[in-house]
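Participant: This is the structure, below, for whatever I ask next.
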Amino acid sequence: MQESTKQDLDIVVLAKVLKLAKPYMALFIFCLAMAVLMAPIANIRPFLIGTMVDDYIFVKDIAGLKTMVVIYLIFVVLNVLIRYAFIYYSAVLGQSVIKDLRVNVFKQVQSLKLRFFDQTAVGKIITRTISDVQAINEIFTQGVLTMIADILGIFAVLGFMFYHSWRLTLISLVTLPLMVLATYIFKEKVKVSFQRVRNEISAMNSFLQEQISGMRIIQMFNAEKQESEKFRKINRKYTSANLNSIEYYAIFYPVVELISAIALSLLVWLGSKGIWDSTISPGAFVSFPLYLNMLFRPVRMLADKFNTLQMGLVAADRVFKLLEREDYISDYGDKTVSKIDGDVEFRNVHFSYDDETYVLNDINFKLEAGKTMAIVGSTGSGKTTIINILSRFYETQKGKILIDGTDIRKYDLKSLRERIAIVLQDVFLFNGTVIDNIRLKDSSISREKIVDASKTIGADEFFQKLPGGYDFMLTERGSNLSMGQKQLISFVRALVVDPDILILDEATSSVDIETEAIIQYAIEKLIEKRSSIIIAHRLSTIRHADKILVLGKGTILEEGSHDELLANEGGHYRQLYEKQFEQSMI
Ligand SMILES: Nc1ncnc2c1ncn2[C@@H]1O[C@H](COP(=O)(O)OP(=O)(O)OP(=O)(O)O)[C@@H](O)[C@H]1O
Ligand SMILES: [Mg+2]
C-alpha cells in the first residue's frame with residue numbers, strides 16, 4: 001500500500017475511533033482540559049528553582065525563599081492531582097468506549113450468517129472481540145490523549161526555556177534534531193518488530209487453541225511428540241521476535257542517554273562562559289539541566305506512543321471492518337406467526353455453500369402437516385444441508401421453500417424459528433446445569449415444564465440419576481455426559497418449546513441397546529402431533545415415517561413409504577437397506 005493512502009486511512013480510522021467517544025464527550029473534554037492544565041503546571045518547576053536561585057538565594061531573602069518553597073510545593077501537589085485525574089479519567093474513557101464496543105462486536109458476530117463462521121477461524125473472531133478491542137482502549141489511554149499532553153508539554157517547556165534564557169535554549173536545541181532522528185529510527189524499527197511479535201503471538205494462540213480442542217485425538221494417536229516439536233518451533237520464533245524488539249530498546253535508551261549527556265556538556269561548557277560574561281544568570285544555569293530532562297522525556301516517549309497509536313489503529317480498522325460487514329440473513333419478512341400448521345414444501349431448490357459447487361440440485365418434496373418424513377442417503381449427500389436451508393441458516397440460490405404455502409422469506413425470521421425446533425447431529429451443550437441447557441436462557445420455560453417434557457420422552461429417570469439431578473453442572477461442551485444423555489437433553493430442549501415443525505438430525509454414533517430403546521421412545525414421542533423431518537439412521541425411525549426421501553449427491557433419487565421403496569428391487573433404498581440393516585436384522 002502507498003504511504004500516502006495509508007496515512008489517509010489512518011486518519012479515517014482515527015476519526016472513527018474518536019467518534020466512538022461521542023457519548024462520553026464531557027469526559028473527553030475533561031481529559032483534554034487536564035492535558036492543557038498539566039502542560040504548564042508540570043513544567044514550571046525548573047523556572048521556579050531558577051527564580052529561587054537568582055532572586056532569593058543570592059540576595060539572602062530568607063522569608064521570600066520560604067514563600068517560594070511553598071509555591072513550589074503547591075505546584076508539585078497540583079501536578080500530582082491533575083496527573084492523577086488525567087491518568088484515571090482517560091482510562092475510564094477508554095474502558096467506557098471499549099465496553100460499548102465489545103457489546104457491538106458481539107452483537108454483530110451473533111447476527112452474521114453462518115457462512116461467515118464457515119470462512120472465519122474462531123481464534124480470529126476472539127482476537128477481534130478481545131485483543132483488538134483492547135488495542136483500541138490504548139488509543140485513548142496511551143495514544144491520542146497522552147500524545148496531546150506530551151506535545152503540549154514540549155511547547156510549555158520550550159516556552160519557559162525561551163522566557164528564562166534564549167541563549168541556553170538555543171544551546172539545548174542543538175542536540176534536539178539528533179534526538180528526534182534517533183527516536184524516529186527507533187520508532188520505525190520497533191514498529192516492524194512489534195508487528196512480528198504480534199504475528200507470532202497470534203500463531204501461538206491459534207496453535208494452542210486447536211491443540212487443546214483436539215487433545216483427545218492427539219493423545220489417542222500418540223502425536224504428542226510431533227506436536228511438541230511444532231510448538232517448540234513456534235515458541236522459538238516468538239522468543240526471537242521478542243528479543244528482537246527488546247534489542248531496539250536496549251540500543252535506544254543508552255543512545256538517548258548519550259545524546260542527553262552531550263546536551264548537558266554543551267550547556268555546562270557554553271553556559272559557564274555566559275555566567276562569566278553575565279549574559280546568563282546562575283538560576284538559569286541551574287534550571288536548564290532540569291528543563292532538558294523535561295524536554296527530552298516526552299520526545300522519547302512519543303516514539304512508543306506513536307507505535308501504540310498505530311497498532312491501535314490497525315486493530316481498530318479490523319474491528320470496524322467486522323462491524324461494517326453486512327452479511328446477515330436478510331430478514332425483511334413481516335409475517336409473524338404464533339402457530340403454524342407445518343406444511344413444508346421444497347420447489348426446485350438449488351443450493352451451494354460457496355456459490356460455485358451445488359450441493360443440492362432441484363430438490364422437490366412436500367410434507368403435509370403432522371406427518372413425518374425421513375431423509376436417508378450416504379454421507380455428504382446433502383441431508384444436513386436441507387435442514388440448514390429450511391431453518392434459513394443459509395440462503396438458497398434458486399427455488400422456493402414454502403411453509404403453509406408461504407415462502408419462508410416472507411416470514412419474520414425470529415417468529416418462524418420459534419415454531420421450528422432442531423435437534424442437531426452433534427449436540428452442543430454450554431457450561432451450566434441440565435436445566436440451563438434445556439432452557440437456553442429462556443426463563444419463561446418453567447422447571448415443571450422441563451420435568452414434564454422429560455417425563456414425556458422418558459428422560460426424567462436419566463436426569464434423576466445424575467448427581468444433583470437437573471442441577472447437575474455440565475462442563476464445557478458437556479464432556480462429563482454420555483452421548484445418550486447429551487441427546488436426551490437436546491430432545492427435551494426441542495420439546496419444551498412445543499414446536500410445530502420438528503427437525504431431527506439423528507446422531508450416527510451407536511449407543512447401547514438400552515439407551516437405544518430410550519432414544520427410540522423419545523423420538524417417537526417427539527414427533528407425535530407435529531410435522532417432523534428426520535435425517536434417519538435408525539431403521540425403526542425410518543419405518544415409522546410416512547414418507548422417505550432417498551438422497552444421493554444432492555438430488556432426490558427415490559421417494560415413497562418404506563414398503564413402497566423396498567418393493568423396488570434394485571432401487572437405491574433397497575440397496576441401502578440391504579447394506580445397512582440386514583446385519584442388524586439377523
Ligand atoms: N458449512 C459448509 N460449507 C461448505 N460446504 C459444506 C458445508 N457443510 C457441508 N458442506 C458440503 O455440502 C455437502 C453436503 O453436506 P451435508 O452436511 O449436507 O451432508 P450429509 O448428508 O448431512 O452428510 P452426513 O450423513 O455425513 O451428515 C458435502 O459435500 C459437504 O462437503
Ligand atoms: Mg449431516
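We name chains A, B, ... following the order of the C-alpha cells; residues begin at 1 in each chain, and ligands are numbered from 1 as shown.
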Counting only C-alpha atoms and all ligand atoms, what are the residues, protein, DNA or RNA alike, that approach ligand 2 to within 12 Å? I want them as a ChimeraX atom specification.
Facilitator: /A:375-388,423-426,504-508,534-537,551
Participant: Mind listing the alpha helix (DSSP H) residues of stretch 363-415 of chain A, per DSSP on the backbone, as a ChimeraX atom specification?
Facilitator: /A:383-390,413-415
Participant: Name the residues in contact with stretch 439-449 of chain A at a cut-off of 9 Å, using only C-alpha atoms, excluding same-chain residues fewer than 5 positions from it; report them as a short mmCIF file (atom, residue, chain, number, x, y, z; two decimals) with N, CA and C atoms, in the first residue's frame.
Facilitator:
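Result file around.cif:
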```cif
data_model
loop_
_atom_site.label_atom_id
_atom_site.label_comp_id
_atom_site.auth_asym_id
_atom_site.auth_seq_id
_atom_site.Cartn_x
_atom_site.Cartn_y
_atom_site.Cartn_z
N PHE A 430 -23.73 -26.11 26.64
CA PHE A 430 -22.99 -24.98 27.22
C PHE A 430 -22.64 -25.29 28.67
N VAL A 434 -28.16 -28.86 33.79
CA VAL A 434 -29.01 -29.53 32.81
C VAL A 434 -30.18 -28.60 32.47
N SER A 454 -39.45 -33.91 30.12
CA SER A 454 -38.50 -35.01 30.29
C SER A 454 -39.24 -36.31 30.56
N ARG A 493 -34.86 -30.15 25.08
CA ARG A 493 -34.69 -28.78 24.62
C ARG A 493 -35.68 -28.47 23.48
N VAL A 496 -39.64 -28.70 24.85
CA VAL A 496 -40.21 -27.68 25.74
C VAL A 496 -40.74 -26.46 24.99
N VAL A 497 -40.24 -26.22 23.80
CA VAL A 497 -40.75 -25.06 23.07
C VAL A 497 -42.01 -25.43 22.28
#
```
Participant: List the neighbours of stretch 77-88 of chain A out to 7 Å using only C-alpha atoms; skip same-chain residues closer than 2 positions along the sequence, and give me the result as a VMD selection string.
Facilitator: chain A and resid 31 34 to 35 38 41 to 42 73 to 75 90 to 92
Participant: What does the structure give for the distance between atom 6 (C, counted along the ligand's line) of ligand 1 and atom CA of A:Leu114, in Å to one decimal?
Facilitator: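 According to the coordinates, atom 6 (C, counted along the ligand's line) of ligand 1 and atom CA of A:Leu114 are separated by 11.0 Å.
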Participant: Find the residues near stretch 308-323 of chain A: any atom within 6 Å, counting only C-alpha atoms, skip ones fewer than 3 places away on the same chain, and give them as a PyMOL selection string.
Facilitator: chain A and resi 132+135-136+139+143+305
Participant: A:Leu258, A:Ile389, A:Ile251, A:Val157: which is nearest ligand 1, counting only C-alpha atoms and all ligand atoms?
Facilitator: A:Ile389
Participant: Looking at only C-alpha atoms, which of A:Asp354, A:Ala156, A:Thr127, A:Val69 is the one that sits closest to A:Arg115?
Facilitator: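 Checking each candidate against A:Arg115, we get A:Asp354 as the closest.
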Participant: Show me, as an MDAnalysis selection string, the residues that have an atom within 12 Å of A:Ser287 when counting only C-alpha atoms, minus same-chain residues fewer than 2 positions from it.
Facilitator: chainID A and resid 43:54 157 160:161 164:165 168:169 264 267:268 271 280:285 289:294
Participant: According to DSSP computed on the backbone, where in stretch 356-458 of chain A is there strand (DSSP E)? Give the residues as a ChimeraX atom specification.
Facilitator: /A:358-367,372-377,398-403,406-407,420-423,432-433
Participant: So that I have them on file, write out the residues from the current selection with N, CA and C atoms, as a short mmCIF file (atom, residue, chain, number, x, y, z; two decimals), in the first residue's frame.
Facilitator:
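Result saved to part.cif:
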```
data_model
loop_
_atom_site.label_atom_id
_atom_site.label_comp_id
_atom_site.auth_asym_id
_atom_site.auth_seq_id
_atom_site.Cartn_x
_atom_site.Cartn_y
_atom_site.Cartn_z
N TYR A 358 -22.70 -26.81 -6.45
CA TYR A 358 -24.03 -27.00 -5.89
C TYR A 358 -24.09 -28.30 -5.10
N VAL A 359 -24.54 -28.23 -3.86
CA VAL A 359 -24.65 -29.46 -3.07
C VAL A 359 -26.10 -29.94 -3.03
N LEU A 360 -27.03 -29.09 -3.46
CA LEU A 360 -28.41 -29.54 -3.64
C LEU A 360 -28.85 -29.11 -5.04
N ASN A 361 -29.42 -30.07 -5.76
CA ASN A 361 -29.86 -29.77 -7.12
C ASN A 361 -31.33 -30.12 -7.30
N ASP A 362 -32.10 -29.10 -7.58
CA ASP A 362 -33.50 -29.30 -7.93
C ASP A 362 -34.23 -30.23 -6.97
N ILE A 363 -34.29 -29.81 -5.73
CA ILE A 363 -34.97 -30.63 -4.71
C ILE A 363 -36.46 -30.26 -4.66
N ASN A 364 -37.30 -31.27 -4.78
CA ASN A 364 -38.74 -31.07 -4.71
C ASN A 364 -39.34 -32.08 -3.75
N PHE A 365 -40.07 -31.63 -2.78
CA PHE A 365 -40.86 -32.56 -1.96
C PHE A 365 -41.92 -31.79 -1.20
N LYS A 366 -42.86 -32.56 -0.69
CA LYS A 366 -43.95 -31.94 0.05
C LYS A 366 -44.19 -32.76 1.30
N LEU A 367 -44.25 -32.09 2.42
CA LEU A 367 -44.56 -32.79 3.67
C LEU A 367 -45.83 -32.17 4.22
N THR A 372 -44.62 -37.33 9.15
CA THR A 372 -43.20 -37.50 9.39
C THR A 372 -42.49 -37.90 8.11
N MET A 373 -41.42 -37.19 7.82
CA MET A 373 -40.65 -37.56 6.64
C MET A 373 -39.23 -37.93 7.08
N ALA A 374 -38.73 -39.02 6.56
CA ALA A 374 -37.35 -39.39 6.86
C ALA A 374 -36.50 -39.11 5.63
N ILE A 375 -35.30 -38.64 5.87
CA ILE A 375 -34.36 -38.47 4.75
C ILE A 375 -33.22 -39.43 4.98
N VAL A 376 -32.94 -40.24 3.98
CA VAL A 376 -31.78 -41.12 4.09
C VAL A 376 -30.86 -40.87 2.91
N GLY A 377 -29.63 -41.32 3.05
CA GLY A 377 -28.67 -41.09 1.97
C GLY A 377 -27.27 -41.19 2.51
N LYS A 398 -31.56 -20.76 -5.79
CA LYS A 398 -32.70 -20.88 -6.71
C LYS A 398 -33.79 -21.68 -6.05
N GLY A 399 -35.00 -21.46 -6.48
CA GLY A 399 -36.12 -22.24 -5.98
C GLY A 399 -36.78 -21.61 -4.77
N LYS A 400 -37.77 -22.32 -4.26
CA LYS A 400 -38.58 -21.76 -3.18
C LYS A 400 -38.79 -22.80 -2.10
N ILE A 401 -38.80 -22.33 -0.86
CA ILE A 401 -39.19 -23.21 0.23
C ILE A 401 -40.45 -22.60 0.83
N LEU A 402 -41.49 -23.40 0.93
CA LEU A 402 -42.76 -22.87 1.43
C LEU A 402 -43.14 -23.55 2.73
N ILE A 403 -43.64 -22.75 3.65
CA ILE A 403 -44.22 -23.33 4.86
C ILE A 403 -45.65 -22.84 4.92
N THR A 406 -46.53 -20.46 2.18
CA THR A 406 -45.91 -19.14 2.09
C THR A 406 -44.39 -19.28 2.04
N ASP A 407 -43.79 -18.53 1.14
CA ASP A 407 -42.32 -18.54 1.02
C ASP A 407 -41.70 -18.21 2.39
N ILE A 420 -40.07 -23.70 14.86
CA ILE A 420 -39.31 -24.86 14.38
C ILE A 420 -38.28 -25.24 15.43
N ALA A 421 -38.23 -26.49 15.78
CA ALA A 421 -37.17 -26.92 16.70
C ALA A 421 -36.24 -27.87 15.96
N ILE A 422 -34.97 -27.70 16.21
CA ILE A 422 -34.00 -28.53 15.51
C ILE A 422 -33.13 -29.27 16.51
N VAL A 423 -32.97 -30.54 16.29
CA VAL A 423 -32.02 -31.30 17.09
C VAL A 423 -30.88 -31.68 16.15
N GLY A 432 -23.07 -25.08 32.29
CA GLY A 432 -24.26 -24.76 33.08
C GLY A 432 -24.95 -26.03 33.51
N THR A 433 -26.10 -25.89 34.17
CA THR A 433 -26.80 -27.08 34.64
C THR A 433 -27.60 -27.70 33.50
#
```
Participant: Between atom CA of A:Val256 and atom CA of A:Ala182, what is the spacing in Å?
Facilitator: 7.7 Å
Participant: Suppose you want the space between atom CA of A:Lys410 and atom CA of A:His350; what is it in Å?
Facilitator: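 Separation between atom CA of A:Lys410 and atom CA of A:His350: 18.6 Å.
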Participant: Counting only C-alpha atoms, which residue out of A:Ile212, A:Ile148, A:Ile533, A:Ile518 sits closest to A:Ala39?
Facilitator: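 Of all the options, A:Ile148 lies closest to A:Ala39.
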Participant: Using only C-alpha atoms and all ligand atoms, which residue out of A:Tyr163, A:Tyr353, A:Trp276, A:Phe221 lies closest to ligand 1?
Facilitator: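 Among the listed residues, the smallest separation from ligand 1 belongs to A:Tyr353.
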Participant: Give me the residues within 12 Å of A:Tyr521 as a PyMOL selection string, counting only C-alpha atoms and dropping any in the same chain fewer than 6 places off.
Facilitator: chain A and resi 454-459+488+491+514-515+527-528+540-541+544
